[in-house]
Amino acid sequence: MASVALKKNYRCHQSLRQFYSGGPYAVSSDGSFIVCACDETIKIVDSSNSSIKSSIEGDSEPVTALALSPISNSNFLFSASHSRQIRVWDLSSLKCIRSWKGHEGPIMGMACHGSGGLLATAGADRKVLVWDVDGGFCTHYFKGHKGVVTCIMFHPNPNRLLLFSGSDDTTIRIWDLTSKKCVATLEKHQSAITSLAISEDGETLLSAGRDKVVNLWNLHDFSCKVSVPTYEALEAVCAIGSQSPFAKCLASLRQKHVKKRDGSPTIQFITVGERGVVRIWNSDGAVCLFEQKSSDVVVSLDKDEVKRGFISAMMLPSEQGLLCVTADQQFLFYTPVEDPEGSFKLILSKRLVGYNEEIADMKFLGEEEQFLAVSTSVEHVRVYDLVSMSCSFVLAGHTDIVLCLDTCVSSSGITLVVTGSKDNTVRVWDAERKCCIGVGIGHMGAVGAVGFSRKQHNFFVSGSSDRTLKVWSLDGLPDDAEGVPNLKSKAVVAAHDKDINSLAVAPNDSLVCSGSQDRTACLWRLPDLVSVVVLKGHKRGIWSVEFSPVDQCVITASGDKTIKIWAISDGSCLKTFEGHTSSVIRASFVTRGTQFISCGADGLVKLWTVNTNECIATYDQHDDKIWALAVGKKTEMLATGGSDAVINLWHDSTSADKEEAFRKEEEGVLKGQDLENAVADADYVKAIQLAFELRRPHKLFELFGEICRKGSAEDQIEKALQCLGKEEFSQLLEYVREWNTKPKLCHVAQFVLFQIFRILSPTDIVEIRGIGELLEGLIPYSQRHFSRIDRLERSTFLLDYTLTGMSVIEPQIDEGDSRKKDLKHSTTEEEQAGYKVEEQEHEELEEKASLKKRKSRKSRDVAYKKLKGATDKRHSSIPAQA
């Protein structure tokens, strides 16, 4: 058998994280991204693949309102939280450019004017305020509502300065921004107003509320044109434009159901609410043109047994369809389609899940492994498309949380999914038809582990908290059954003394291994579940078991922080792996059984080699326990998920890393040659840039040292430093900090440091990454160097004084002597003659003084010779020279 290339590294290339916790959201003008409230933060999400483009940290208070500037070239975001602070964010830099407070209570809604210059806010303090965006001051202050203002909107025509607000006092008020007055109060609803919309011609206002009615208002006389009963508590109403894809697809449908009334424009609109279905209405005759047959919202019964479906909806720009938001933080994108027969259909084109809660288990789905089935802390299974990271479909049927799942492709080519739940049942699903094809009833406790047959794919095994194992047959399942048939149990055994956490079926379907909280793993012969051997040795419960794909051994992961490999023949422990700092929850073989992946409660993913007992790599991409680990059979791609509600996808990057290392090495050799050529040509600017790219601080020091020794050092360094970026300046300061610690290198370091501070402005210096820490390391050593130089300089003064006193060096000429020399050149001949007389007298006096000095020095020399008993010719020559 050919040798297997071991994996050395995995790389996390895609993540699915929480980006929406419910509440406000806003869609960009082109529909390319969605701004969502996620607790105290704001997430900007790519609508194509649900990836988080960027995050904006809030003020530690939940976000209550969001709005985007409607102008495409003005990327401004407006936000408000429970702190009542209104903030304006620049999306290009993600910085808050303005903030202010205005309301006395939380802000419940925001709307931006079509010009982008005005912002309207609706508050729980019953007030409606309009703000100047640039100045941050209030331009309009409206009072009149007797309840919380729930929704607000400007007239879409910027020339009509009208503002509409709805309240839970069941009224709608229309405010004229020119006169700053309330021009109308619309009273027809019997419950809180939840949504407002304007018709395409701008002459009709649509309002929806929880009183199950949509009212259409004439904006000329403010009268109610028609009331449309919907028999459903509504959360949103959207007007359909004539150029919308909905209008084009509804043309034939409208002709069948609606009789045109003369003189009254027809308005079509969409409503969504608690039932979780999309309905399309026509204003003429209050006719429902379309209604979804079944809801795409997996509705769970709350404690009050009240169903909650959609909480919001809006028409997407650029004919992208309809966006509906559910109560369980999902974004559903609908696209209208017209059949050749003329019937209208609404297709769910994309489902983005904003929050997955705690992830319990996951498995790759399909032959090409393009899908990922995920069980979370809900009653259904979500299947994700790994390309778009959108939820393709949902498998709903359990009445309690799904704890475990497994997948396989049957001999007939059908992709099957089996799930175990807290409702004590197991279910088998057809992934292609997205329906349940069998249910197994018989366990007396929550089903915590399931596993398909690996070879025949005609049975599966389940383990429960009732401590029993069951083998279920898949033979004889009807293809098209009206109801869900019950599965038959082939064998049952009381397997353990505590809950069964995991089980695995051998590759040849001859054995099944079960791991339990009773610290043991047991091997059973299939299909009769006869005990073969018990694996004892762990000190805590066993969370995961798996058969090796090639060897006669089993791997187990335990709460005692260890992983063990056991021999199937006698149940002996072959190897023990230690390295996790907390419970090991999952362990799976990769690379044909020569390596395995483990993950645990410490949030770490580890790659191990079996033969050497070595941990090759450790990855820290989760913030909490990792409960789920899925390994692709073909690609060996990894998927991990846990308590932090994050799904990470990992690819083997061994070959890619090897190629990248080879490419970097090749580039390094070429750049090294270029560096030597640049040094030989005295092209210091290029040489310094190459030294930075190659990360060679010693060579960089040599270059700066050579530049310092040249005459034009400042010009050379200035040219070299002007080509550097902020990251390179940060790196250079790190190098200078290291050089500055050594007295032999400090001179070049100080010279470079001086040039950096001379070239860069204070603003640029402050923006350098880690500048505070760098300066803390530079200042003490710089002070020490300058103190040392100062001491040396003062020592030279003492030496000069000594040598001057010994007349070894001549004293400096006084200013008076220099003034005399200057006067000699500037006076007349008579004056010069006078000065000559004076100079002669002065010279005579100096000769007398020098004779006295010679006598005194001779006496001192004689005394010195007597004391020392030695002769020194230099002492006799010095007076002669003096």
# chains A, B, ... in the order shown; residues from 1 in each chain; ligands from 1

call {"tool": "residues_around", "arguments": {"residues": "Gly413 (chain A)", "least_positions_apart": "4", "cutoff": "12 Å", "atoms": "only C-alpha atoms", "output": "count of residues only"}}
result
8

call {"tool": "closest_residue", "arguments": {"among": "A:Glu379, A:Asp296, A:Glu203, A:Asp800", "to": "Trp217 (chain A)", "atoms": "only C-alpha atoms"}}
result
A:Glu203

call {"tool": "residues_around", "arguments": {"residues": "Ser502 (chain A)", "least_positions_apart": "4", "cutoff": "7 Å", "atoms": "only C-alpha atoms", "output": "ChimeraX atom specification"}}
result
/A:449,514-516,543-545

call {"tool": "write_last_selection", "arguments": {"atoms": "all heavy atoms", "output": "PDB file, in the first residue's frame"}}
result
ATOM      1  N   ALA A 449     -27.626   9.260  21.059  1.00  0.00           N
ATOM      2  CA  ALA A 449     -26.641   8.793  20.087  1.00  0.00           C
ATOM      3  C   ALA A 449     -27.339   7.940  19.037  1.00  0.00           C
ATOM      4  O   ALA A 449     -28.188   7.105  19.364  1.00  0.00           O
ATOM      5  CB  ALA A 449     -25.536   7.997  20.772  1.00  0.00           C
ATOM      6  N   SER A 514     -20.364   1.369  21.936  1.00  0.00           N
ATOM      7  CA  SER A 514     -21.147   2.379  22.657  1.00  0.00           C
ATOM      8  C   SER A 514     -20.309   2.947  23.793  1.00  0.00           C
ATOM      9  O   SER A 514     -19.591   2.216  24.483  1.00  0.00           O
ATOM     10  CB  SER A 514     -22.431   1.767  23.214  1.00  0.00           C
ATOM     11  OG  SER A 514     -22.136   0.683  24.087  1.00  0.00           O
ATOM     12  N   GLY A 515     -20.374   4.255  23.982  1.00  0.00           N
ATOM     13  CA  GLY A 515     -19.678   4.935  25.071  1.00  0.00           C
ATOM     14  C   GLY A 515     -20.663   5.568  26.012  1.00  0.00           C
ATOM     15  O   GLY A 515     -21.676   6.137  25.588  1.00  0.00           O
ATOM     16  N   SER A 516     -20.382   5.481  27.319  1.00  0.00           N
ATOM     17  CA  SER A 516     -21.374   5.886  28.309  1.00  0.00           C
ATOM     18  C   SER A 516     -20.746   6.737  29.396  1.00  0.00           C
ATOM     19  O   SER A 516     -19.510   6.804  29.532  1.00  0.00           O
ATOM     20  CB  SER A 516     -22.023   4.645  28.924  1.00  0.00           C
ATOM     21  OG  SER A 516     -22.809   4.977  30.044  1.00  0.00           O
ATOM     22  N   TRP A 543     -17.346  10.402  26.001  1.00  0.00           N
ATOM     23  CA  TRP A 543     -18.201  11.255  25.179  1.00  0.00           C
ATOM     24  C   TRP A 543     -18.231  10.826  23.714  1.00  0.00           C
ATOM     25  O   TRP A 543     -19.175  11.152  23.006  1.00  0.00           O
ATOM     26  CB  TRP A 543     -17.730  12.706  25.250  1.00  0.00           C
ATOM     27  CG  TRP A 543     -18.050  13.389  26.540  1.00  0.00           C
ATOM     28  CD1 TRP A 543     -17.193  13.672  27.558  1.00  0.00           C
ATOM     29  CD2 TRP A 543     -19.330  13.866  26.956  1.00  0.00           C
ATOM     30  NE1 TRP A 543     -17.852  14.301  28.589  1.00  0.00           N
ATOM     31  CE2 TRP A 543     -19.164  14.435  28.244  1.00  0.00           C
ATOM     32  CE3 TRP A 543     -20.591  13.863  26.390  1.00  0.00           C
ATOM     33  CZ2 TRP A 543     -20.213  14.996  28.953  1.00  0.00           C
ATOM     34  CZ3 TRP A 543     -21.650  14.429  27.098  1.00  0.00           C
ATOM     35  CH2 TRP A 543     -21.461  14.985  28.364  1.00  0.00           C
ATOM     36  N   SER A 544     -17.201  10.149  23.246  1.00  0.00           N
ATOM     37  CA  SER A 544     -17.123   9.843  21.811  1.00  0.00           C
ATOM     38  C   SER A 544     -16.413   8.514  21.605  1.00  0.00           C
ATOM     39  O   SER A 544     -15.442   8.207  22.300  1.00  0.00           O
ATOM     40  CB  SER A 544     -16.381  10.966  21.081  1.00  0.00           C
ATOM     41  OG  SER A 544     -16.144  10.628  19.728  1.00  0.00           O
ATOM     42  N   VAL A 545     -16.919   7.724  20.653  1.00  0.00           N
ATOM     43  CA  VAL A 545     -16.264   6.481  20.239  1.00  0.00           C
ATOM     44  C   VAL A 545     -16.290   6.431  18.717  1.00  0.00           C
ATOM     45  O   VAL A 545     -17.206   6.970  18.077  1.00  0.00           O
ATOM     46  CB  VAL A 545     -16.957   5.228  20.819  1.00  0.00           C
ATOM     47  CG1 VAL A 545     -16.852   5.199  22.328  1.00  0.00           C
ATOM     48  CG2 VAL A 545     -18.412   5.170  20.379  1.00  0.00           C
TER      49      VAL A 545
END

call {"tool": "residues_around", "arguments": {"residues": "Ser165 (chain A)", "least_positions_apart": "3", "cutoff": "8 Å", "atoms": "only C-alpha atoms", "output": "list in words"}}
result
Ala122, Val128, Val149, Thr150, Cys151, Ile152, Met153, Ile172, Arg173 and Ile174 of chain A
